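**Student:** target.txt is reproduced in full below (compact mmCIF, C-alpha atoms).
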# COMPACT_ATOMS: atom_id res chain seq x y z
CA MET A 1 -49.63 -54.43 94.25
CA ILE A 2 -48.22 -53.64 90.83
CA TRP A 3 -50.28 -50.45 90.71
CA LEU A 4 -48.44 -49.23 93.81
CA VAL A 5 -45.14 -49.54 91.92
CA PHE A 6 -46.52 -47.62 88.92
CA PHE A 7 -48.01 -44.83 91.02
CA SER A 8 -44.84 -44.54 93.10
CA PHE A 9 -42.73 -44.07 89.97
CA ILE A 10 -45.10 -41.45 88.60
CA ALA A 11 -45.38 -39.61 91.93
CA ALA A 12 -41.59 -39.46 92.17
CA GLY A 13 -41.37 -38.08 88.64
CA ILE A 14 -43.99 -35.40 89.32
CA ALA A 15 -42.31 -34.42 92.59
CA LEU A 16 -38.89 -34.05 90.95
CA SER A 17 -40.28 -32.02 88.02
CA LEU A 18 -42.22 -29.72 90.33
CA ALA A 19 -39.11 -29.26 92.48
CA ARG A 20 -37.23 -28.09 89.37
CA ALA A 21 -40.10 -25.74 88.55
CA GLY A 22 -39.80 -24.27 92.03
CA LEU A 23 -36.01 -24.11 92.22
CA GLY A 24 -35.04 -23.19 88.66
CA PRO A 25 -32.75 -20.17 88.51
CA THR A 26 -34.09 -18.81 85.19
CA THR A 27 -37.59 -18.69 83.75
CA PRO A 28 -36.97 -21.33 81.01
CA ASP A 29 -35.99 -23.77 83.77
CA ARG A 30 -39.36 -23.30 85.41
CA VAL A 31 -41.12 -23.73 82.07
CA VAL A 32 -39.23 -26.98 81.47
CA GLY A 33 -40.34 -28.23 84.88
CA VAL A 34 -43.98 -27.37 84.26
CA ASP A 35 -43.86 -28.90 80.76
CA GLY A 36 -42.46 -32.17 82.09
CA THR A 37 -45.12 -32.15 84.80
CA VAL A 38 -47.87 -31.73 82.18
CA THR A 39 -46.64 -34.72 80.18
CA ILE A 40 -46.28 -36.94 83.26
CA THR A 41 -49.75 -35.84 84.40
CA ILE A 42 -51.28 -36.94 81.07
CA ALA A 43 -49.81 -40.42 81.61
CA LEU A 44 -51.08 -40.40 85.20
CA MET A 45 -54.59 -39.49 84.06
CA VAL A 46 -54.69 -42.35 81.55
CA LEU A 47 -53.36 -44.73 84.18
CA LEU A 48 -55.96 -43.61 86.72
CA ALA A 49 -58.68 -44.09 84.10
CA SER A 50 -57.53 -47.69 83.83
CA PHE A 51 -57.40 -47.96 87.64
CA PHE A 52 -60.94 -46.65 88.21
CA ASP A 53 -62.16 -48.46 85.07
CA ARG A 54 -64.15 -45.49 83.68
CA GLN A 55 -63.68 -44.48 80.07
CA ILE A 56 -64.89 -40.88 80.53
CA TYR A 57 -61.64 -40.09 82.34
CA LEU A 58 -59.71 -40.53 79.11
CA ASP A 59 -61.31 -37.37 77.70
CA VAL A 60 -59.57 -35.20 80.30
CA ALA A 61 -56.23 -36.59 79.19
CA LEU A 62 -57.20 -35.96 75.56
CA VAL A 63 -58.01 -32.29 76.26
CA TYR A 64 -54.73 -31.91 78.15
CA ALA A 65 -52.76 -33.50 75.32
CA VAL A 66 -54.33 -31.12 72.78
CA LEU A 67 -54.13 -27.90 74.80
CA GLY A 68 -51.27 -28.42 77.23
CA PHE A 69 -48.55 -27.06 74.98
CA ILE A 70 -50.17 -23.67 74.27
CA GLY A 71 -48.89 -22.17 77.52
CA VAL A 72 -45.31 -23.27 76.85
CA LEU A 73 -45.55 -21.99 73.28
CA ALA A 74 -46.87 -18.60 74.50
CA VAL A 75 -43.98 -18.18 76.95
CA ALA A 76 -41.45 -19.19 74.30
CA ARG A 77 -42.86 -16.70 71.79
CA TYR A 78 -42.76 -14.00 74.46
CA LEU A 79 -39.08 -14.68 75.14
CA GLU A 80 -38.43 -14.41 71.40
CA ARG A 81 -40.12 -10.99 71.18
CA GLY A 82 -43.02 -12.62 69.42
CA VAL A 83 -46.70 -12.76 70.56
CA MET B 1 -53.23 -40.81 101.14
CA ILE B 2 -49.62 -39.73 100.87
CA TYR B 3 -50.24 -38.81 97.22
CA ILE B 4 -53.00 -36.40 98.27
CA ALA B 5 -50.61 -34.84 100.80
CA LEU B 6 -47.99 -34.48 98.05
CA LEU B 7 -50.51 -32.73 95.79
CA VAL B 8 -51.55 -30.36 98.60
CA VAL B 9 -47.93 -29.45 99.37
CA GLY B 10 -47.15 -28.85 95.68
CA MET B 11 -50.25 -26.70 95.17
CA LEU B 12 -49.53 -24.59 98.27
CA GLY B 13 -45.91 -24.09 97.25
CA ALA B 14 -46.85 -23.07 93.70
CA GLY B 15 -49.54 -20.67 94.94
CA ILE B 16 -47.23 -18.96 97.41
CA ALA B 17 -44.56 -18.71 94.70
CA ALA B 18 -47.10 -17.13 92.32
CA CYS B 19 -47.84 -14.48 94.96
CA LEU B 20 -44.26 -13.77 95.99
CA LEU B 21 -42.23 -13.84 92.76
CA ARG B 22 -41.08 -10.46 91.43
CA ASP B 23 -40.55 -11.73 87.89
CA LEU B 24 -44.08 -11.75 86.50
CA LEU B 25 -43.34 -14.32 83.78
CA ALA B 26 -42.22 -16.81 86.43
CA ALA B 27 -45.36 -15.96 88.40
CA VAL B 28 -47.48 -16.83 85.35
CA VAL B 29 -45.68 -20.18 85.08
CA ALA B 30 -46.36 -20.81 88.79
CA ALA B 31 -50.05 -19.98 88.24
CA ALA B 32 -50.10 -22.52 85.40
CA ALA B 33 -48.69 -25.11 87.82
CA VAL B 34 -51.46 -24.27 90.34
CA SER B 35 -54.08 -24.77 87.62
CA LEU B 36 -52.50 -28.09 86.64
CA ILE B 37 -52.62 -29.47 90.19
CA LEU B 38 -56.16 -28.13 90.68
CA SER B 39 -57.24 -30.03 87.58
CA GLY B 40 -55.67 -33.14 89.10
CA PHE B 41 -57.72 -32.58 92.25
CA PHE B 42 -60.97 -32.29 90.30
CA TYR B 43 -59.99 -35.50 88.55
CA LEU B 44 -59.38 -37.34 91.81
CA LEU B 45 -62.69 -36.06 93.24
CA GLN B 46 -64.46 -37.79 90.30
CA ALA B 47 -65.63 -34.70 88.42
CA PRO B 48 -64.08 -35.27 84.97
CA ASP B 49 -66.14 -32.58 83.19
CA VAL B 50 -64.99 -29.87 85.61
CA ALA B 51 -61.43 -31.16 85.26
CA MET B 52 -61.78 -30.90 81.48
CA ALA B 53 -62.92 -27.27 81.65
CA GLU B 54 -60.18 -26.43 84.13
CA ALA B 55 -57.58 -28.05 81.87
CA ALA B 56 -58.74 -26.15 78.79
CA ILE B 57 -59.01 -22.78 80.52
CA GLY B 58 -56.11 -23.02 82.94
CA ALA B 59 -53.50 -24.64 80.74
CA GLY B 60 -54.16 -22.84 77.47
CA LEU B 61 -56.23 -19.72 77.74
CA THR B 62 -55.15 -18.09 81.02
CA THR B 63 -51.44 -18.46 80.39
CA ALA B 64 -51.65 -17.07 76.86
CA ILE B 65 -53.76 -14.07 77.94
CA PHE B 66 -51.45 -13.28 80.86
CA VAL B 67 -48.39 -13.49 78.59
CA ILE B 68 -50.01 -11.09 76.10
CA ALA B 69 -50.80 -8.71 78.97
CA ILE B 70 -47.19 -8.84 80.17
CA ARG B 71 -46.07 -8.14 76.61
CA LYS B 72 -48.19 -4.97 76.58
CA THR B 73 -46.98 -3.73 79.97
CA GLY B 74 -43.76 -4.83 81.62
CA ARG B 75 -42.10 -7.94 82.87
CA HIS B 76 -40.56 -6.94 86.19
CA GLU B 77 -42.47 -5.57 89.14
CA GLU B 78 -41.16 -2.27 90.61
CA MET C 1 -52.46 -59.34 76.13
CA ARG C 2 -52.97 -58.01 79.65
CA VAL C 3 -49.47 -59.04 80.75
CA PHE C 4 -47.96 -57.38 77.66
CA GLY C 5 -49.84 -54.18 78.46
CA GLU C 6 -48.63 -54.21 82.04
CA VAL C 7 -45.04 -54.70 80.88
CA LEU C 8 -45.46 -51.66 78.59
CA ILE C 9 -46.89 -49.63 81.49
CA GLY C 10 -43.93 -50.65 83.65
CA ILE C 11 -41.42 -49.54 81.01
CA GLY C 12 -43.30 -46.27 80.54
CA THR C 13 -43.49 -45.38 84.22
CA ALA C 14 -39.80 -46.20 84.67
CA PHE C 15 -38.99 -43.80 81.82
CA LEU C 16 -41.25 -41.14 83.35
CA PHE C 17 -39.36 -41.42 86.63
CA LEU C 18 -36.03 -41.17 84.76
CA GLY C 19 -37.32 -38.10 82.93
CA GLY C 20 -38.25 -36.42 86.21
CA LEU C 21 -34.86 -37.30 87.64
CA GLY C 22 -33.14 -35.83 84.57
CA ILE C 23 -35.16 -32.63 84.83
CA PHE C 24 -34.15 -32.30 88.45
CA ARG C 25 -30.49 -33.28 88.26
CA LEU C 26 -29.03 -32.06 84.97
CA LEU C 27 -27.02 -28.90 84.75
CA ASP C 28 -28.38 -26.37 82.26
CA VAL C 29 -31.59 -25.62 80.38
CA TYR C 30 -30.71 -27.57 77.24
CA ASN C 31 -29.78 -30.78 79.02
CA ARG C 32 -32.95 -30.51 81.07
CA LEU C 33 -34.98 -30.01 77.91
CA GLN C 34 -33.42 -33.10 76.37
CA ALA C 35 -34.26 -35.28 79.37
CA GLY C 36 -37.64 -33.70 79.83
CA THR C 37 -38.68 -34.17 76.24
CA LYS C 38 -37.30 -37.51 75.11
CA CYS C 39 -37.81 -39.50 78.30
CA THR C 40 -41.26 -38.16 79.07
CA THR C 41 -42.47 -38.52 75.46
CA LEU C 42 -41.40 -42.16 75.31
CA GLY C 43 -42.70 -42.83 78.80
CA ALA C 44 -46.11 -41.26 78.25
CA PHE C 45 -46.54 -42.94 74.85
CA SER C 46 -45.59 -46.34 76.21
CA THR C 47 -47.87 -45.95 79.22
CA ILE C 48 -50.84 -44.91 77.10
CA ILE C 49 -50.41 -47.73 74.59
CA GLY C 50 -50.03 -50.14 77.50
CA VAL C 51 -53.36 -49.00 78.91
CA GLY C 52 -54.81 -49.53 75.44
CA PHE C 53 -53.56 -53.14 75.54
CA VAL C 54 -54.98 -53.73 79.01
CA HIS C 55 -58.42 -52.47 77.92
CA PRO C 56 -58.73 -53.32 74.20
CA ALA C 57 -61.95 -51.31 73.80
CA TRP C 58 -60.03 -48.07 74.60
CA MET C 59 -57.31 -48.65 72.03
CA LEU C 60 -58.51 -46.08 69.48
CA LYS C 61 -58.74 -43.20 71.96
CA ALA C 62 -55.41 -44.19 73.50
CA ILE C 63 -53.76 -44.06 70.08
CA VAL C 64 -55.26 -40.58 69.48
CA ILE C 65 -53.87 -39.29 72.80
CA GLY C 66 -50.46 -40.82 72.06
CA VAL C 67 -50.29 -39.28 68.59
CA PHE C 68 -51.17 -35.86 70.01
CA ILE C 69 -48.36 -36.20 72.56
CA LEU C 70 -45.93 -37.25 69.83
CA LEU C 71 -46.92 -34.20 67.77
CA THR C 72 -47.07 -31.45 70.38
CA ASN C 73 -44.23 -32.29 72.76
CA PRO C 74 -41.28 -31.72 70.36
CA ILE C 75 -42.88 -28.51 69.08
CA SER C 76 -42.93 -26.90 72.52
CA ALA C 77 -39.45 -28.18 73.37
CA HIS C 78 -37.97 -26.81 70.14
CA ALA C 79 -39.62 -23.41 70.56
CA LEU C 80 -38.41 -23.17 74.16
CA ALA C 81 -34.82 -24.18 73.31
CA ARG C 82 -34.60 -21.65 70.48
CA ALA C 83 -36.07 -18.87 72.62
CA SER C 84 -33.71 -19.51 75.53
CA TYR C 85 -30.67 -19.68 73.23
CA ARG C 86 -31.56 -16.41 71.57
CA ASN C 87 -32.06 -14.81 74.97
CA GLY C 88 -28.45 -15.61 75.84
CA ILE C 89 -29.03 -18.19 78.55
CA PRO C 90 -25.55 -19.69 78.91
CA LEU C 91 -24.58 -23.27 78.22
CA TRP C 92 -22.98 -25.28 81.00
CA GLU C 93 -19.27 -24.39 81.14
CA GLY C 94 -18.22 -27.97 80.36
CA SER C 95 -20.13 -28.06 77.07
CA VAL C 96 -17.94 -28.99 74.13
CA VAL C 97 -19.57 -27.89 70.88
CA ASP C 98 -21.86 -24.98 70.01
CA ARG C 99 -22.67 -25.03 66.31
CA CYS C 100 -25.37 -22.41 66.57
CA ARG C 101 -22.92 -19.62 67.39
CA GLU C 102 -21.30 -19.84 63.91
CA PHE C 103 -24.48 -18.67 62.17
CA GLU C 104 -25.58 -15.12 62.78
CA GLU C 105 -29.26 -15.56 61.97
CA CYS C 106 -29.43 -18.57 64.28
CA SER C 107 -28.20 -16.95 67.45
CA ARG C 108 -29.73 -13.47 67.49
CA LEU C 109 -33.15 -12.20 68.38
CA PRO C 110 -35.33 -11.07 65.48
CA LYS C 111 -35.48 -7.31 65.00
CA GLU C 112 -38.65 -5.29 65.50
CA GLY C 113 -41.20 -5.95 62.79
CA GLU C 114 -39.67 -9.18 61.51
For this file, write the structure as structure tokens.
**Tutor:**
Amino acid sequence: MIWLVFFSFIAAGIALSLARAGLGPTTPDRVVGVDGTVTITIALMVLLASFFDRQIYLDVALVYAVLGFIGVLAVARYLERGV
Amino acid sequence: MIYIALLVVGMLGAGIAACLLRDLLAAVVAAAAVSLILSGFFYLLQAPDVAMAEAAIGAGLTTAIFVIAIRKTGRHEE
Amino acid sequence: MRVFGEVLIGIGTAFLFLGGLGIFRLLDVYNRLQAGTKCTTLGAFSTIIGVGFVHPAWMLKAIVIGVFILLTNPISAHALARASYRNGIPLWEGSVVDRCREFEECSRLPKEGE
């Protein structure tokens, strides 16, 4: 029962962030939406690992936490005439 | 079940946006969103190693390489 | 221990929902970045530590994931805010203070070769 509350909160957060990524008038708005979605997805993956009770699922969340910010950093450096 | 439907709708919307957007940087961001949701699908289908590879390649590598390619060419189509 | 972990997970998911709501509802890029960084960092960290309390054998890996989130999330948010300010994305018209405009090296793009 309590898991339904948790997953409903997280699904609402992911839906709102993805809606901003689809609507956003400028490109940084879309990047903000995708970045928020990545962070919420990491929390969802850890929570699902606890729900299915399998420790191997934590490794996916670990890889996402290490590598998920490279895309955002690449877009930001592009906007700043970097890369 | 409704969560799976939500994921399918989000993935379809992001894929269509990646095809239709004229601003190529926004299209790259939409492709990153598609890769993110695809990794979530692999996770839900109980293939964590595939999801790990998809996360590493889709989130980090593909976006960075596409951004470097846009830097070398041009940002807006037509 | 399990009840404490579930309370932490509840706080974290509530903050994640508030972060998504802030990303959707706020009015310009900088406000959205603020909601999308602070709320989701706190929410994800609290959720992960809560899962570590529910399963005590996973605590070490949970702490590693949480520390990586605490390190990488502000870096990307700061880089994105600076890039969008230097690209001239406007603030919301009701914004009160803009300290960055007073400094020339803060608010311009770097020249070629810098």
**Student:** So which residues touch C:Ala79 within 7 Å, counting all atoms listed in the file, skipping near sequence neighbours fewer than 4 positions away, as a count of residues only?
**Tutor:** 4
**Student:** Residues of chain C within 6 Å of chain A, using all atoms listed in the file, as a short mmCIF file (atom, residue, chain, number, x, y, z; two decimals) with C-alpha atoms, in the frame of the given file?
**Tutor:**
data_model
loop_
_atom_site.label_atom_id
_atom_site.label_comp_id
_atom_site.auth_asym_id
_atom_site.auth_seq_id
_atom_site.Cartn_x
_atom_site.Cartn_y
_atom_site.Cartn_z
CA THR C 13 -43.49 -45.38 84.22
CA PHE C 17 -39.36 -41.42 86.63
CA GLY C 20 -38.25 -36.42 86.21
CA PHE C 24 -34.15 -32.30 88.45
CA VAL C 29 -31.59 -25.62 80.38
CA GLY C 36 -37.64 -33.70 79.83
CA ALA C 44 -46.11 -41.26 78.25
CA ILE C 65 -53.87 -39.29 72.80
CA ILE C 69 -48.36 -36.20 72.56
CA SER C 76 -42.93 -26.90 72.52
CA ALA C 79 -39.62 -23.41 70.56
CA LEU C 80 -38.41 -23.17 74.16
CA ALA C 83 -36.07 -18.87 72.62
#
**Student:** As a PyMOL selection string, could you give me every residue of chain B near chain A (at most 8 Å apart, counting only C-alpha atoms)?
**Tutor:** chain B and resi 3+6+10+14+17+25-26+29-30+32-33+36+43+48-49+51-52+55-56+59-61+63-64+67-68+71
**Student:** Please write the residues from the selection above to a file, keeping C-alpha atoms, as a tab-separated table (two decimals), in the coordinates of the input.
**Tutor:**
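For reference, again_29.tsv as written:
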chain	number	residue	atom	x	y	z
B	3	TYR	CA	-50.24	-38.81	97.22
B	6	LEU	CA	-47.99	-34.48	98.05
B	10	GLY	CA	-47.15	-28.85	95.68
B	14	ALA	CA	-46.85	-23.07	93.70
B	17	ALA	CA	-44.56	-18.71	94.70
B	25	LEU	CA	-43.34	-14.32	83.78
B	26	ALA	CA	-42.22	-16.81	86.43
B	29	VAL	CA	-45.68	-20.18	85.08
B	30	ALA	CA	-46.36	-20.81	88.79
B	32	ALA	CA	-50.10	-22.52	85.40
B	33	ALA	CA	-48.69	-25.11	87.82
B	36	LEU	CA	-52.50	-28.09	86.64
B	43	TYR	CA	-59.99	-35.50	88.55
B	48	PRO	CA	-64.08	-35.27	84.97
B	49	ASP	CA	-66.14	-32.58	83.19
B	51	ALA	CA	-61.43	-31.16	85.26
B	52	MET	CA	-61.78	-30.90	81.48
B	55	ALA	CA	-57.58	-28.05	81.87
B	56	ALA	CA	-58.74	-26.15	78.79
B	59	ALA	CA	-53.50	-24.64	80.74
B	60	GLY	CA	-54.16	-22.84	77.47
B	61	LEU	CA	-56.23	-19.72	77.74
B	63	THR	CA	-51.44	-18.46	80.39
B	64	ALA	CA	-51.65	-17.07	76.86
B	67	VAL	CA	-48.39	-13.49	78.59
B	68	ILE	CA	-50.01	-11.09	76.10
B	71	ARG	CA	-46.07	-8.14	76.61
**Student:** So how many Å separate atom CA of C:Gly22 and atom CA of C:Gly50, to one decimal?
**Tutor:**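 Interatomic distance here is 23.2 Å.
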**Student:** Which residues are near C:Cys39? Cut-off 7 Å, all atoms listed in the file, ignore same chain within fewer than 2 positions. Put them as a PyMOL selection string.
**Tutor:** chain C and resi 15-16+18-19+35-37+41-43
**Student:** For B:Ile37, which residue out of B:Ile57, B:Ile16, B:Val9, B:Asp23 is the nearest one, using all atoms listed in the file?
**Tutor:**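 Closest to B:Ile37, using all atoms listed in the file: B:Val9.
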**Student:** Report, in Å with one decimal, the straight-line distance from atom CA of C:Cys100 to atom CA of C:Asn73.
**Tutor:**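 Straight-line distance from atom CA of C:Cys100 to atom CA of C:Asn73 works out to 22.2 Å.
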**Student:** For C:Ser84, which of C:Leu109, C:Ile9, C:Thr47, C:Arg101 is the closest residue, counting all atoms listed in the file?
**Tutor:** C:Leu109
**Student:** Do you have the atom CA of C:Pro56-atom CA of B:Glu54 distance handy?
**Tutor:**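 Result for atom CA of C:Pro56 versus atom CA of B:Glu54: 28.7 Å, one decimal.
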**Student:** Measuring between only C-alpha atoms, which one of C:Leu71, C:Ile48, C:Ile89, C:Ala14 shows the shortest distance to C:Asp28?
**Tutor:** C:Ile89
**Student:** Quick one: residues within 10 Å of C:Glu93, only C-alpha atoms, excluding same-chain residues fewer than 3 positions away - as a list of chain:residue names?
**Tutor:**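 Skipping anything fewer than 3 positions along the chain leaves C:Leu27, C:Asp28, C:Pro90, C:Val96.
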**Student:** Considering all atoms listed in the file, state which residue in the set C:Tyr30, C:Phe45, C:Ile11, C:Arg82 is at the smallest distance from C:Val64.
**Tutor:**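 Looking only at the distances to C:Val64, the closest residue turns out to be C:Phe45.
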